[in-house]
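**Q** Input target27.json, format and content: JSON, C-alpha atoms and all ligand atoms.
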[["chain", "number", "residue", "atom", "x", "y", "z"],
["A", 1, "MET", "CA", -59.32, 4.77, 12.26],
["A", 2, "ILE", "CA", -61.86, 2.17, 13.41],
["A", 3, "SER", "CA", -64.96, 1.29, 11.47],
["A", 4, "VAL", "CA", -67.79, -0.99, 12.56],
["A", 5, "ASN", "CA", -69.98, -2.74, 10.02],
["A", 6, "ALA", "CA", -73.45, -2.02, 11.46],
["A", 7, "GLU", "CA", -75.05, -4.78, 9.39],
["A", 8, "LEU", "CA", -72.78, -7.45, 10.86],
["A", 9, "CYS", "CA", -72.62, -6.08, 14.44],
["A", 10, "THR", "CA", -74.76, -8.05, 16.95],
["A", 11, "ARG", "CA", -74.30, -5.44, 19.74],
["A", 12, "CYS", "CA", -72.60, -8.01, 21.99],
["A", 13, "GLY", "CA", -70.39, -5.32, 23.55],
["A", 14, "GLN", "CA", -67.20, -7.44, 23.59],
["A", 15, "CYS", "CA", -65.21, -4.71, 21.83],
["A", 16, "LEU", "CA", -66.10, -2.22, 24.59],
["A", 17, "ARG", "CA", -65.12, -4.75, 27.22],
["A", 18, "VAL", "CA", -61.75, -5.69, 25.71],
["A", 19, "CYS", "CA", -60.50, -2.17, 24.97],
["A", 20, "THR", "CA", -57.92, -1.40, 27.66],
["A", 21, "THR", "CA", -58.03, 2.33, 26.97],
["A", 22, "GLU", "CA", -61.87, 2.39, 27.11],
["A", 23, "ILE", "CA", -62.29, 4.47, 24.00],
["A", 24, "PHE", "CA", -65.43, 2.75, 22.71],
["A", 25, "GLU", "CA", -68.99, 3.76, 23.53],
["A", 26, "MET", "CA", -72.37, 2.63, 22.24],
["A", 27, "ARG", "CA", -73.82, 5.27, 19.97],
["A", 28, "ASP", "CA", -77.30, 4.54, 18.62],
["A", 29, "GLY", "CA", -76.72, 0.92, 19.64],
["A", 30, "ILE", "CA", -73.51, 0.57, 17.60],
["A", 31, "PRO", "CA", -69.97, 0.74, 19.05],
["A", 32, "ALA", "CA", -68.20, 3.95, 18.10],
["A", 33, "MET", "CA", -65.03, 5.64, 19.19],
["A", 34, "THR", "CA", -65.40, 8.35, 21.82],
["A", 35, "ASP", "CA", -64.55, 11.90, 20.73],
["A", 36, "GLY", "CA", -60.76, 12.20, 20.77],
["A", 37, "GLY", "CA", -60.46, 8.47, 21.54],
["A", 38, "GLU", "CA", -58.20, 7.95, 18.55],
["A", 39, "ASP", "CA", -55.38, 9.69, 20.45],
["A", 40, "TYR", "CA", -55.50, 7.04, 23.18],
["A", 41, "CYS", "CA", -55.74, 3.97, 20.94],
["A", 42, "ILE", "CA", -52.62, 1.80, 21.43],
["A", 43, "LYS", "CA", -53.40, -0.19, 18.24],
["A", 44, "CYS", "CA", -53.38, -3.48, 20.12],
["A", 45, "GLN", "CA", -56.07, -4.80, 17.73],
["A", 46, "HIS", "CA", -57.91, -6.55, 20.57],
["A", 47, "CYS", "CA", -61.20, -5.12, 19.26],
["A", 48, "LEU", "CA", -60.45, -6.53, 15.80],
["A", 49, "ALA", "CA", -59.53, -9.92, 17.27],
["A", 50, "VAL", "CA", -62.41, -10.22, 19.74],
["A", 51, "CYS", "CA", -65.37, -9.44, 17.47],
["A", 52, "PRO", "CA", -67.20, -12.76, 16.94],
["A", 53, "VAL", "CA", -68.68, -11.69, 13.61],
["A", 54, "GLY", "CA", -65.71, -9.81, 12.15],
["A", 55, "ALA", "CA", -67.48, -6.45, 12.07],
["A", 56, "ILE", "CA", -64.45, -4.32, 13.00],
["A", 57, "THR", "CA", -61.82, -2.91, 10.67],
["A", 58, "LEU", "CA", -58.89, -1.07, 12.21],
["A", 59, "ASN", "CA", -56.95, 1.22, 9.92],
["A", 60, "ASP", "CA", -56.00, -1.03, 7.01],
["A", 61, "LYS", "CA", -56.42, -4.27, 9.00],
["A", 62, "THR", "CA", -59.51, -6.40, 8.35],
["A", 63, "PRO", "CA", -60.62, -9.68, 10.01],
["A", 64, "ALA", "CA", -59.57, -11.45, 6.79],
["A", 65, "ASP", "CA", -55.98, -10.31, 7.39],
["A", 66, "CYS", "CA", -55.87, -12.07, 10.79],
["A", 67, "ALA", "CA", -54.78, -15.69, 11.25],
["A", 68, "PRO", "CA", -57.56, -17.95, 12.54],
["A", 69, "ILE", "CA", -57.35, -19.36, 16.07],
["A", 70, "GLY", "CA", -55.33, -22.59, 15.72],
["A", 71, "PRO", "CA", -54.30, -25.45, 18.00],
["A", 72, "LEU", "CA", -51.71, -24.80, 20.73],
["A", 73, "PRO", "CA", -48.89, -27.14, 21.79],
["A", 74, "SER", "CA", -49.99, -29.43, 24.60],
["A", 75, "PRO", "CA", -48.70, -28.54, 28.09],
["A", 76, "GLU", "CA", -46.34, -31.54, 27.83],
["A", 77, "HIS", "CA", -44.94, -30.35, 24.50],
["A", 78, "MET", "CA", -44.57, -26.81, 25.80],
["A", 79, "LEU", "CA", -42.74, -28.04, 28.89],
["A", 80, "ASN", "CA", -40.43, -30.11, 26.66],
["A", 81, "LEU", "CA", -39.67, -26.94, 24.70],
["A", 82, "LEU", "CA", -38.73, -25.08, 27.88],
["A", 83, "ARG", "CA", -36.77, -27.97, 29.38],
["A", 84, "GLN", "CA", -34.92, -28.93, 26.21],
["A", 85, "ARG", "CA", -33.85, -25.43, 25.21],
["A", 86, "ARG", "CA", -30.08, -25.38, 25.63],
["A", 87, "SER", "CA", -27.40, -22.79, 24.97],
["A", 88, "ILE", "CA", -25.70, -24.00, 21.82],
["A", 89, "ARG", "CA", -21.98, -23.23, 21.48],
["A", 90, "HIS", "CA", -21.24, -25.53, 18.53],
["A", 91, "PHE", "CA", -22.92, -24.70, 15.24],
["A", 92, "GLN", "CA", -22.87, -26.34, 11.83],
["A", 93, "THR", "CA", -21.44, -24.10, 9.12],
["A", 94, "THR", "CA", -24.55, -24.72, 6.96],
["A", 95, "PRO", "CA", -26.55, -21.51, 6.79],
["A", 96, "VAL", "CA", -30.24, -21.43, 7.68],
["A", 97, "GLU", "CA", -32.48, -21.60, 4.59],
["A", 98, "PRO", "CA", -34.11, -18.33, 3.43],
["A", 99, "ASP", "CA", -37.66, -19.64, 4.01],
["A", 100, "ILE", "CA", -36.81, -20.51, 7.64],
["A", 101, "LEU", "CA", -35.22, -17.08, 8.13],
["A", 102, "ALA", "CA", -38.38, -15.51, 6.72],
["A", 103, "LYS", "CA", -40.54, -17.44, 9.23],
["A", 104, "LEU", "CA", -38.37, -16.32, 12.16],
["A", 105, "GLN", "CA", -38.44, -12.75, 10.92],
["A", 106, "ALA", "CA", -42.22, -12.72, 10.48],
["A", 107, "ALA", "CA", -42.85, -14.19, 13.95],
["A", 108, "LEU", "CA", -41.13, -11.19, 15.58],
["A", 109, "ALA", "CA", -44.28, -9.18, 14.79],
["A", 110, "TRP", "CA", -46.15, -10.94, 17.63],
["A", 111, "SER", "CA", -43.67, -9.95, 20.30],
["A", 112, "PRO", "CA", -45.48, -7.97, 23.00],
["A", 113, "THR", "CA", -44.11, -4.53, 23.89],
["A", 114, "GLY", "CA", -44.92, -2.19, 26.76],
["A", 115, "CYS", "CA", -47.88, 0.07, 25.82],
["A", 116, "ASN", "CA", -47.81, -1.75, 22.47],
["A", 117, "ASP", "CA", -45.00, 0.60, 21.47],
["A", 118, "HIS", "CA", -44.01, -1.92, 18.79],
["A", 119, "ARG", "CA", -41.01, 0.04, 17.53],
["A", 120, "LEU", "CA", -38.68, -2.95, 17.77],
["A", 121, "TYR", "CA", -35.95, -3.03, 15.14],
["A", 122, "ALA", "CA", -34.34, -6.38, 14.37],
["A", 123, "VAL", "CA", -31.16, -6.96, 12.39],
["A", 124, "LEU", "CA", -30.54, -10.48, 11.11],
["A", 125, "VAL", "CA", -26.89, -11.04, 10.25],
["A", 126, "ASN", "CA", -26.71, -13.95, 7.84],
["A", 127, "GLY", "CA", -23.75, -16.01, 6.71],
["A", 128, "HIS", "CA", -20.05, -16.25, 7.47],
["A", 129, "ASP", "CA", -18.96, -13.09, 5.65],
["A", 130, "ALA", "CA", -21.61, -10.89, 7.27],
["A", 131, "MET", "CA", -20.82, -12.40, 10.68],
["A", 132, "ALA", "CA", -17.11, -11.72, 10.11],
["A", 133, "SER", "CA", -17.78, -7.99, 9.89],
["A", 134, "PHE", "CA", -18.84, -8.15, 13.56],
["A", 135, "ARG", "CA", -16.65, -11.03, 14.71],
["A", 136, "GLU", "CA", -13.30, -9.75, 13.56],
["A", 137, "PRO", "CA", -13.31, -6.22, 15.06],
["A", 138, "THR", "CA", -14.84, -7.53, 18.30],
["A", 139, "LEU", "CA", -12.23, -10.26, 18.70],
["A", 140, "ARG", "CA", -9.49, -7.79, 17.75],
["A", 141, "LEU", "CA", -10.63, -5.50, 20.55],
["A", 142, "LEU", "CA", -10.82, -8.42, 22.95],
["A", 143, "ARG", "CA", -7.28, -9.54, 22.09],
["A", 144, "TRP", "CA", -6.06, -5.98, 22.70],
["A", 145, "VAL", "CA", -7.73, -5.98, 26.13],
["A", 146, "VAL", "CA", -6.13, -9.34, 26.97],
["A", 147, "LYS", "CA", -2.70, -8.06, 25.93],
["A", 148, "THR", "CA", -2.97, -5.20, 28.44],
["A", 149, "ARG", "CA", -2.83, -8.02, 31.04],
["A", 150, "ILE", "CA", -5.54, -6.26, 33.07],
["A", 151, "PRO", "CA", -7.91, -9.28, 32.90],
["A", 152, "GLN", "CA", -5.09, -11.51, 34.19],
["A", 153, "LEU", "CA", -4.73, -9.20, 37.20],
["A", 154, "ILE", "CA", -8.47, -9.41, 37.89],
["A", 155, "SER", "CA", -8.58, -13.20, 38.08],
["A", 156, "ARG", "CA", -6.13, -16.03, 37.49],
["A", 157, "ARG", "CA", -9.09, -18.25, 36.74],
["A", 158, "LEU", "CA", -9.46, -16.42, 33.41],
["A", 159, "ASN", "CA", -6.04, -17.62, 32.22],
["A", 160, "GLN", "CA", -7.35, -20.56, 30.20],
["A", 161, "VAL", "CA", -9.95, -18.55, 28.29],
["A", 162, "LEU", "CA", -7.52, -15.65, 27.79],
["A", 163, "LYS", "CA", -5.05, -18.04, 26.17],
["A", 164, "ARG", "CA", -7.80, -19.29, 23.83],
["A", 165, "ILE", "CA", -8.60, -15.68, 22.90],
["A", 166, "LEU", "CA", -4.94, -14.95, 22.11],
["A", 167, "ASP", "CA", -4.79, -18.17, 20.07],
["A", 168, "GLY", "CA", -7.54, -16.69, 17.88],
["A", 169, "GLU", "CA", -10.47, -18.82, 19.07],
["A", 170, "ASP", "CA", -13.90, -17.26, 18.59],
["A", 171, "VAL", "CA", -15.07, -17.47, 22.19],
["A", 172, "ILE", "CA", -17.68, -14.74, 21.60],
["A", 173, "PHE", "CA", -19.61, -15.56, 18.42],
["A", 174, "ARG", "CA", -18.80, -19.29, 18.47],
["A", 175, "GLN", "CA", -18.54, -19.35, 14.67],
["A", 176, "ALA", "CA", -22.34, -19.14, 14.54],
["A", 177, "PRO", "CA", -23.58, -18.58, 10.97],
["A", 178, "HIS", "CA", -26.31, -16.15, 12.10],
["A", 179, "MET", "CA", -27.03, -13.49, 14.69],
["A", 180, "VAL", "CA", -30.16, -11.51, 15.49],
["A", 181, "VAL", "CA", -29.84, -8.16, 17.22],
["A", 182, "VAL", "CA", -32.96, -6.43, 18.55],
["A", 183, "ALA", "CA", -32.97, -2.71, 19.27],
["A", 184, "THR", "CA", -35.56, -0.27, 20.59],
["A", 185, "PRO", "CA", -35.77, 3.51, 20.75],
["A", 186, "LYS", "CA", -34.26, 4.76, 24.02],
["A", 187, "ASN", "CA", -37.56, 6.46, 24.83],
["A", 188, "ALA", "CA", -39.77, 3.36, 24.40],
["A", 189, "PRO", "CA", -41.80, 2.81, 27.61],
["A", 190, "CYS", "CA", -40.22, -0.60, 28.27],
["A", 191, "ALA", "CA", -37.01, -0.20, 26.26],
["A", 192, "ASP", "CA", -35.03, -2.42, 28.64],
["A", 193, "ILE", "CA", -37.49, -5.31, 28.51],
["A", 194, "ASP", "CA", -39.07, -5.46, 25.04],
["A", 195, "PRO", "CA", -35.99, -6.74, 23.14],
["A", 196, "THR", "CA", -35.46, -9.52, 25.70],
["A", 197, "ILE", "CA", -39.03, -10.71, 25.26],
["A", 198, "ALA", "CA", -38.66, -10.62, 21.47],
["A", 199, "LEU", "CA", -35.50, -12.72, 21.61],
["A", 200, "ALA", "CA", -36.95, -15.14, 24.18],
["A", 201, "GLN", "CA", -39.86, -15.81, 21.81],
["A", 202, "PHE", "CA", -37.48, -16.00, 18.85],
["A", 203, "GLU", "CA", -35.34, -18.68, 20.48],
["A", 204, "LEU", "CA", -38.26, -20.90, 21.43],
["A", 205, "TYR", "CA", -39.71, -20.71, 17.93],
["A", 206, "ALA", "CA", -36.22, -21.30, 16.47],
["A", 207, "GLN", "CA", -35.99, -24.50, 18.48],
["A", 208, "THR", "CA", -39.19, -25.83, 16.90],
["A", 209, "LEU", "CA", -37.52, -25.25, 13.51],
["A", 210, "GLY", "CA", -34.55, -27.43, 14.51],
["A", 211, "LEU", "CA", -32.25, -24.49, 15.28],
["A", 212, "GLY", "CA", -30.02, -23.82, 18.27],
["A", 213, "THR", "CA", -29.43, -20.43, 19.88],
["A", 214, "LEU", "CA", -27.05, -18.69, 22.26],
["A", 215, "TRP", "CA", -27.67, -15.45, 24.15],
["A", 216, "CYS", "CA", -24.55, -13.40, 23.46],
["A", 217, "GLY", "CA", -24.08, -11.14, 26.48],
["A", 218, "PHE", "CA", -20.57, -10.14, 25.45],
["A", 219, "ALA", "CA", -21.72, -8.89, 22.04],
["A", 220, "TYR", "CA", -24.59, -7.05, 23.76],
["A", 221, "PHE", "CA", -22.16, -5.11, 25.99],
["A", 222, "ALA", "CA", -19.64, -4.64, 23.18],
["A", 223, "PHE", "CA", -22.27, -3.18, 20.83],
["A", 224, "ARG", "CA", -23.66, -0.95, 23.57],
["A", 225, "LEU", "CA", -20.22, 0.37, 24.55],
["A", 226, "PHE", "CA", -18.36, 0.64, 21.25],
["A", 227, "ARG", "CA", -19.85, 2.59, 18.38],
["A", 228, "HIS", "CA", -17.44, 1.14, 15.80],
["A", 229, "LEU", "CA", -18.54, -2.42, 16.66],
["A", 230, "ARG", "CA", -22.24, -1.66, 16.25],
["A", 231, "ARG", "CA", -21.82, 0.59, 13.20],
["A", 232, "PRO", "CA", -22.48, -2.21, 10.64],
["A", 233, "LEU", "CA", -25.90, -2.73, 12.29],
["A", 234, "ASP", "CA", -26.85, 0.67, 10.89],
["A", 235, "LEU", "CA", -29.53, 1.24, 13.54],
["A", 236, "PRO", "CA", -32.05, 4.05, 13.07],
["A", 237, "LYS", "CA", -31.29, 7.26, 14.99],
["A", 238, "GLY", "CA", -32.24, 7.06, 18.68],
["A", 239, "TYR", "CA", -32.23, 3.24, 18.75],
["A", 240, "ARG", "CA", -30.17, 1.24, 21.23],
["A", 241, "VAL", "CA", -29.14, -2.43, 21.14],
["A", 242, "GLY", "CA", -31.33, -4.40, 23.56],
["A", 243, "GLY", "CA", -30.25, -7.99, 23.03],
["A", 244, "VAL", "CA", -28.15, -10.31, 20.87],
["A", 245, "LEU", "CA", -28.82, -13.95, 20.03],
["A", 246, "LEU", "CA", -26.63, -16.26, 17.93],
["A", 247, "PHE", "CA", -28.33, -19.02, 15.99],
["A", 248, "GLY", "CA", -27.85, -21.80, 13.46],
["A", 249, "TYR", "CA", -28.15, -25.56, 13.14],
["A", 250, "PRO", "CA", -26.57, -27.17, 16.20],
["A", 251, "ASP", "CA", -23.49, -29.35, 15.83],
["A", 252, "ILE", "CA", -24.10, -31.09, 19.13],
["A", 253, "THR", "CA", -26.85, -33.38, 20.43],
["A", 254, "PHE", "CA", -28.15, -33.46, 23.98],
["A", 255, "HIS", "CA", -29.57, -36.77, 25.12],
["A", 256, "ARG", "CA", -31.57, -35.54, 28.07],
["A", 257, "ALA", "CA", -32.79, -32.32, 29.65],
["A", 258, "THR", "CA", -30.77, -30.74, 32.45],
["A", 259, "CYS", "CA", -31.83, -31.05, 36.07],
["A", 260, "PRO", "CA", -31.64, -27.53, 37.55],
["A", 261, "ASP", "CA", -32.35, -26.77, 41.19],
["A", 262, "PRO", "CA", -35.84, -25.34, 41.63],
["A", 263, "VAL", "CA", -36.15, -21.57, 41.67],
["A", 264, "LEU", "CA", -37.03, -20.20, 45.09],
["A", 265, "VAL", "CA", -40.71, -19.32, 44.96],
["A", 266, "LYS", "CA", -42.64, -17.51, 47.62],
["A", 267, "ASN", "CA", -46.43, -17.82, 47.58],
["A", 268, "ILE", "CA", -48.53, -15.13, 49.13],
["A", 269, "SER", "CA", -52.12, -16.11, 49.76],
["A", 270, "LEU", "CA", -54.42, -14.56, 52.28],
["A", 301, "LIG", "C1", -42.73, -5.04, 29.18],
["A", 301, "LIG", "C2", -44.22, -4.96, 29.10],
["A", 301, "LIG", "C3", -44.94, -4.29, 30.05],
["A", 301, "LIG", "C4", -46.35, -4.24, 29.99],
["A", 301, "LIG", "N1", -47.03, -3.60, 30.99],
["A", 301, "LIG", "C5", -48.40, -3.60, 30.95],
["A", 301, "LIG", "C6", -49.15, -3.01, 32.02],
["A", 301, "LIG", "O1", -48.58, -2.50, 33.00],
["A", 301, "LIG", "N2", -50.50, -3.02, 31.96],
["A", 301, "LIG", "C7", -51.15, -3.58, 30.89],
["A", 301, "LIG", "O2", -52.39, -3.56, 30.88],
["A", 301, "LIG", "N3", -50.47, -4.15, 29.86],
["A", 301, "LIG", "C8", -49.12, -4.18, 29.87],
["A", 301, "LIG", "N4", -48.41, -4.79, 28.86],
["A", 301, "LIG", "C9", -49.15, -5.43, 27.76],
["A", 301, "LIG", "C10", -49.02, -4.65, 26.44],
["A", 301, "LIG", "O3", -49.79, -3.48, 26.46],
["A", 301, "LIG", "C11", -49.48, -5.60, 25.32],
["A", 301, "LIG", "O4", -48.49, -6.60, 25.20],
["A", 301, "LIG", "C12", -49.67, -4.90, 23.99],
["A", 301, "LIG", "O5", -50.73, -3.99, 24.07],
["A", 301, "LIG", "C13", -49.97, -5.90, 22.85],
["A", 301, "LIG", "O6", -51.07, -6.70, 23.15],
["A", 301, "LIG", "P1", -50.92, -8.29, 23.10],
["A", 301, "LIG", "O7", -49.93, -8.67, 24.21],
["A", 301, "LIG", "O8", -52.28, -8.82, 23.38],
["A", 301, "LIG", "O9", -50.42, -8.62, 21.74],
["A", 301, "LIG", "C14", -47.02, -4.85, 28.92],
["A", 301, "LIG", "C15", -46.27, -5.52, 27.94],
["A", 301, "LIG", "C16", -44.90, -5.59, 28.04],
["A", 301, "LIG", "C17", -44.14, -6.35, 26.99],
["A", 302, "LIG", "S1", -56.90, -1.18, 18.99],
["A", 302, "LIG", "FE1", -56.88, -1.61, 21.20],
["A", 302, "LIG", "S2", -56.84, 0.41, 22.15],
["A", 302, "LIG", "FE2", -57.45, 0.73, 20.02],
["A", 302, "LIG", "S3", -59.68, 0.71, 20.05],
["A", 302, "LIG", "FE3", -59.04, -1.41, 19.62],
["A", 302, "LIG", "S4", -58.94, -2.39, 21.64],
["A", 302, "LIG", "FE4", -59.01, -0.16, 22.00],
["A", 303, "LIG", "S1", -67.57, -7.08, 19.26],
["A", 303, "LIG", "FE1", -68.32, -6.93, 17.14],
["A", 303, "LIG", "S2", -70.42, -7.66, 17.26],
["A", 303, "LIG", "FE2", -69.81, -7.21, 19.35],
["A", 303, "LIG", "S3", -70.46, -5.08, 19.68],
["A", 303, "LIG", "FE3", -68.35, -4.99, 18.99],
["A", 303, "LIG", "S4", -68.51, -4.74, 16.77],
["A", 303, "LIG", "FE4", -70.50, -5.42, 17.47]]
Could you render the structure as structure tokens?
**A**
Amino acid sequence: MISVNAELCTRCGQCLRVCTTEIFEMRDGIPAMTDGGEDYCIKCQHCLAVCPVGAITLNDKTPADCAPIGPLPSPEHMLNLLRQRRSIRHFQTTPVEPDILAKLQAALAWSPTGCNDHRLYAVLVNGHDAMASFREPTLRLLRWVVKTRIPQLISRRLNQVLKRILDGEDVIFRQAPHMVVVATPKNAPCADIDPTIALAQFELYAQTLGLGTLWCGFAYFAFRLFRHLRRPLDLPKGYRVGGVLLFGYPDITFHRATCPDPVLVKNISL
């Protein structure tokens, strides 16, 4: 439900212009929703955010609920963030403080989703004991696979890591004190992409809070394939794991950025 405060509205038309589903029209000089337009609203809140005088209220959201426009990191700082993000495989045992966890959790709300579906579901697993309920069954399964000797047949190069697995080393969860798992409904328009975007944003923000992260591809596949491993996540019905990220305070310091080869880029200009 959208309402426009006619006394505040200056008739600038920016709300009509910004609405991607074009469900606004001018009625008696005031923006109003077209008949049946409500059904096409994707609740992106662009109309709420664009109005220069704060005349629009959208459902229960008012301009006063929105954060003001604040300063952005400089391009240099942003590039540092991208360049200095590293996969962290050594974590301190110290857990992340509740107020920092709350900030990370709250920031997930601004993750874009295809068609603004916004039905992301995040599970934060916090602390050694909670992590153990995922770590132990996953590593048990992994040790069982190694004992079948099938991985050894696939590649001799795996021998070193297979020995570490049999010795009980946590090569999957890296003794991280925290993990965030993001899931989406299978029928979300961009179900395969939305969780990745959410976690990519999460890890950059985490870095600004002094945290290190590791994308955990093995846990992603393990949770997708084995119901008993994902059961403690207690996902809502119809939801599927879309990405897994480990995080915590890093127990390693990098003294410079890496120096990757440039990505091949093709420019098309006519
Ligand atoms: C995976 C993905 C695909 C998207 N595809 C389109 C698209 O094809 N066309 C479009 O206009 N917007 C697209 N969007 C933008 C979303 O509609 C937008 O993120 C959402 O409405 C929230 O608005 P915001 O990004 O301004 O917060 C896409 C977003 C994502 C994450
Ligand atoms: S919330 Fe988005 S889609 Fe809905 S009326 Fe506003 S701009 Fe249009
Ligand atoms: S953006 Fe705000 S001021 Fe401009 S026409 Fe829409 S409601 Fe009126």
**Q** Please check which protein, DNA or RNA residues sit within 9 Å of ligand LIG 303 (chain A), counting only C-alpha atoms and all ligand atoms, and write them as an MDAnalysis selection string.
**A** chainID A and resid 3:6 8:18 26 29:32 47:56
**Q** Write out as a PyMOL selection string each polymer residue (protein, DNA or RNA) that has an atom no more than 6 Å from ligand LIG 301 (chain A), with all atoms listed in the file counted.
**A** chain A and resi 44+112-116+190+193-194
**Q** Between CA of Val244 (chain A) and CA of Ala191 (chain A), what is the spacing in Å?
**A** 14.5 Å
**Q** Name the residues, by chain letter and number, that sit within 7 Å of ligand LIG 302 (chain A) using only C-alpha atoms and all ligand atoms, and give them as an mmCIF file with C-alpha atoms, in the frame of the given file.
**A**
data_model
loop_
_atom_site.group_PDB
_atom_site.id
_atom_site.type_symbol
_atom_site.label_atom_id
_atom_site.label_comp_id
_atom_site.auth_asym_id
_atom_site.auth_seq_id
_atom_site.Cartn_x
_atom_site.Cartn_y
_atom_site.Cartn_z
ATOM 1 C CA CYS A 15 -65.210 -4.710 21.830
ATOM 2 C CA VAL A 18 -61.750 -5.690 25.710
ATOM 3 C CA CYS A 19 -60.500 -2.170 24.970
ATOM 4 C CA THR A 20 -57.920 -1.400 27.660
ATOM 5 C CA THR A 21 -58.030 2.330 26.970
ATOM 6 C CA GLU A 22 -61.870 2.390 27.110
ATOM 7 C CA ILE A 23 -62.290 4.470 24.000
ATOM 8 C CA PHE A 24 -65.430 2.750 22.710
ATOM 9 C CA TYR A 40 -55.500 7.040 23.180
ATOM 10 C CA CYS A 41 -55.740 3.970 20.940
ATOM 11 C CA ILE A 42 -52.620 1.800 21.430
ATOM 12 C CA LYS A 43 -53.400 -0.190 18.240
ATOM 13 C CA CYS A 44 -53.380 -3.480 20.120
ATOM 14 C CA GLN A 45 -56.070 -4.800 17.730
ATOM 15 C CA HIS A 46 -57.910 -6.550 20.570
ATOM 16 C CA CYS A 47 -61.200 -5.120 19.260
ATOM 17 C CA LEU A 48 -60.450 -6.530 15.800
#
**Q** Could you check the closest approach to Gly217 (chain A) for each of A:Tyr121, A:Phe202, A:Phe134, A:Phe173 and tell me which residue wins, using only C-alpha atoms?
**A** A:Phe173
**Q** If you measure from CA of Lys163 (chain A) to CA of Ala222 (chain A), what distance in Å do you get, rounded to one decimal?
**A**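 Between CA of Lys163 (chain A) and CA of Ala222 (chain A) the gap works out to 20.0 Å.
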**Q** In Å to one decimal, how far is CA of Val182 (chain A) from CA of Lys61 (chain A)?
**A**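 Distance between the two atoms: 25.4 Å.
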**Q** Find the residues near Arg85 (chain A): any atom within 8 Å, counting all atoms listed in the file, skip ones fewer than 3 places away on the same chain, and give them as a ChimeraX atom specification.
**A** /A:81-82,204,207
**Q** Tell me which of A:Pro250, A:Arg256, A:Leu142, A:Tyr205 sits closest to Phe226 (chain A), counting all atoms listed in the file.
**A**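 Among the listed residues, the smallest separation from Phe226 (chain A) belongs to A:Leu142.
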**Q** Which residues come within 12 Å of Gly168 (chain A), counting all atoms listed in the file, excluding same-chain residues fewer than 2 positions away, as a list in words?
**A**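 Returned residues: Arg135, Glu136, Thr138, Leu139, Arg140, Leu141, Leu142, Arg143, Trp144, Val146, Val161, Leu162, Lys163, Arg164, Ile165, Leu166, Asp170, Val171, Ile172, Arg174 and Gln175 of chain A.
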**Q** Hey, what's within 7 Å of Leu245 (chain A) if we count all atoms listed in the file and toss same-chain stuff fewer than 2 positions away? As a PyMOL selection string, please?
**A** chain A and resi 179-181+199+213-216+243+247
**Q** So which residues touch Trp110 (chain A) within 10 Å, counting all atoms listed in the file, skipping near sequence neighbours fewer than 5 positions away, as a count of residues only?
**A** 3
**Q** A:Val125, A:Leu211, A:Leu153, A:Val145: which is nearest Ile252 (chain A), counting all atoms listed in the file?
**A**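 Closest residue, counting all atoms listed in the file: A:Leu211.
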**Q** Kindly indicate which residue among A:Ser269, A:Thr93, A:Asn187, A:Thr253 lies nearest to Asp129 (chain A), using all atoms listed in the file for the distances.
**A** A:Thr93
**Q** Just so I have it separately, write region 240-251 of chain A from the block I sent, keeping N, CA and C atoms, as a compact mmCIF listing (two decimals), in the first residue's frame.
**A**
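Saved the output as decode21.txt:
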# COMPACT_ATOMS: atom_id res chain seq x y z
N ARG A 240 16.79 -24.12 -0.15
CA ARG A 240 17.97 -24.89 -0.54
C ARG A 240 19.22 -24.07 -0.20
N VAL A 241 20.25 -24.76 0.29
CA VAL A 241 21.51 -24.06 0.62
C VAL A 241 22.10 -23.46 -0.66
N GLY A 242 22.48 -22.17 -0.57
CA GLY A 242 23.03 -21.50 -1.76
C GLY A 242 24.48 -21.06 -1.60
N GLY A 243 24.99 -21.08 -0.38
CA GLY A 243 26.38 -20.69 -0.18
C GLY A 243 26.77 -20.78 1.28
N VAL A 244 28.06 -21.04 1.52
CA VAL A 244 28.56 -21.19 2.89
C VAL A 244 29.86 -20.40 3.03
N LEU A 245 29.94 -19.61 4.08
CA LEU A 245 31.13 -18.80 4.34
C LEU A 245 31.54 -19.01 5.80
N LEU A 246 32.82 -19.31 6.01
CA LEU A 246 33.36 -19.39 7.38
C LEU A 246 33.88 -18.01 7.75
N PHE A 247 33.81 -17.67 9.02
CA PHE A 247 34.40 -16.38 9.41
C PHE A 247 34.82 -16.35 10.87
N GLY A 248 35.67 -15.38 11.18
CA GLY A 248 36.19 -15.21 12.54
C GLY A 248 37.36 -14.25 12.47
N TYR A 249 37.98 -14.00 13.63
CA TYR A 249 39.17 -13.14 13.62
C TYR A 249 40.34 -13.93 13.06
N PRO A 250 41.07 -13.36 12.10
CA PRO A 250 42.16 -14.12 11.48
C PRO A 250 43.33 -14.32 12.42
N ASP A 251 43.98 -15.47 12.29
CA ASP A 251 45.18 -15.75 13.07
C ASP A 251 46.39 -15.78 12.13
